Amino acid sequence: RIRRASMDIGAAARSEVASEGDLVLVAEGLSQVRPTYLRRGESFNSKNGMFHHDDMIGKPFGSKIVPRGAGGHVTMLKMTPELWTESLPTRTQIVRGADIAAVVMGLHLRPGCVVVESGTGSGSMTTSLARTVAPTGHVYTYEFNASRAQAASEEFARNRLSDLVTATHADACADGFPATPLRGADAVFLDLPA
């Protein structure tokens with residue numbers, strides 16, 4: 001059964017202001033973006049200083065955040081699949097923006113489509129596929145490596161993609177696509193080992 005969902009990559013996607021528990025992306029420079037889940041009382045250190053989450057909660061996205069002590073600044077950004085791709089921890093080779101766009105267009109995806117993906121890896125492609133098929137579509141993704149499957153599954157849940165993504169630990173080459181509904185899929189994307 002496919003459930004209706006909004007493309008809700010964290011509560012931050014619904015608001016222009018950061019709230020506790022939101023996934024925000026902190027830009028420390030032009031090429032360094034890091035994901036951070038905001039929690040009251042927590043902080044993080046970077047080359048630009050020590051930044052308290054309490055100083056980010058309630059601020060609009062795009063705000064320049066300065067440390068309480070000496071240092072530079074960071075910019076707090078709203079989560080998008082494109083920025084998520086840039087900030088992901090590298091578990092596998094990550095498919096980047098231009099390639100993701102080519103795949104989405106080549107598969108003729110639109111809201112409401114059901115997609116099967118083999119090779120979840122970092123979840124970058126999966127996140128973009130989910131945004132494309134939202135709010136009524138679904139992505140069934142399969143990963144043969146247990147630790148990568150578990151990490152991606154946890155990130156999809158934290159990023160509130162569970163209504164759009166079903167992640168399964170399975171070897172698609174050997175097992176097929178066991179979690180895919182019987183009615184089938186509109187598209188299949190295979191990112192398999194050579």
# chains A, B, ... in the order shown; residues from 1 in each chain; ligands from 1
$ select_by_dssp --residues "chain A" --states "helix (DSSP H, G or I)" --output "ChimeraX atom specification"
/A:11-14,53-55,81-87,97-106,124-133,146-158,172-175
$ closest_residue --among "A:Asp55, A:Asp175, A:Glu82, A:Asp163" --to "Ser43 of chain A" --atoms "only C-alpha atoms"
A:Asp55
$ atom_distance --atom1 "atom CA of Pro35 of chain A" --atom2 "atom CA of Gly119 of chain A"
22.4 Å
$ atom_distance --atom1 "atom CA of Val66 of chain A" --atom2 "atom CA of Phe44 of chain A"
12.3 Å
$ atom_distance --atom1 "atom CA of Pro60 of chain A" --atom2 "atom CA of Thr75 of chain A"
10.5 Å
$ residues_around --residues "segment 137-140 of chain A" --least-positions-apart "2" --cutoff "10 Å" --atoms "only C-alpha atoms" --output "ChimeraX atom specification"
/A:1-6,109-118,120,126-127,129-135,142,161-168,177-181,185-188
$ residues_around --residues "segment 99-103 of chain A" --least-positions-apart "3" --cutoff "8 Å" --atoms "only C-alpha atoms" --output "ChimeraX atom specification"
/A:95-96,106-107,125,128
$ residues_around --residues "Gly58 of chain A" --least-positions-apart "6" --cutoff "12 Å" --atoms "only C-alpha atoms" --output "MDAnalysis selection string"
chainID A and resid 12 15:22 38:40 65 76
$ closest_residue --among "A:Ala152, A:Gly97, A:Gly176, A:Thr136" --to "Gly123 of chain A" --atoms "only C-alpha atoms"
A:Ala152
$ closest_residue --among "A:Gly69, A:Ala98, A:Gly29, A:Ile57" --to "Glu42 of chain A" --atoms "only C-alpha atoms"
A:Ile57
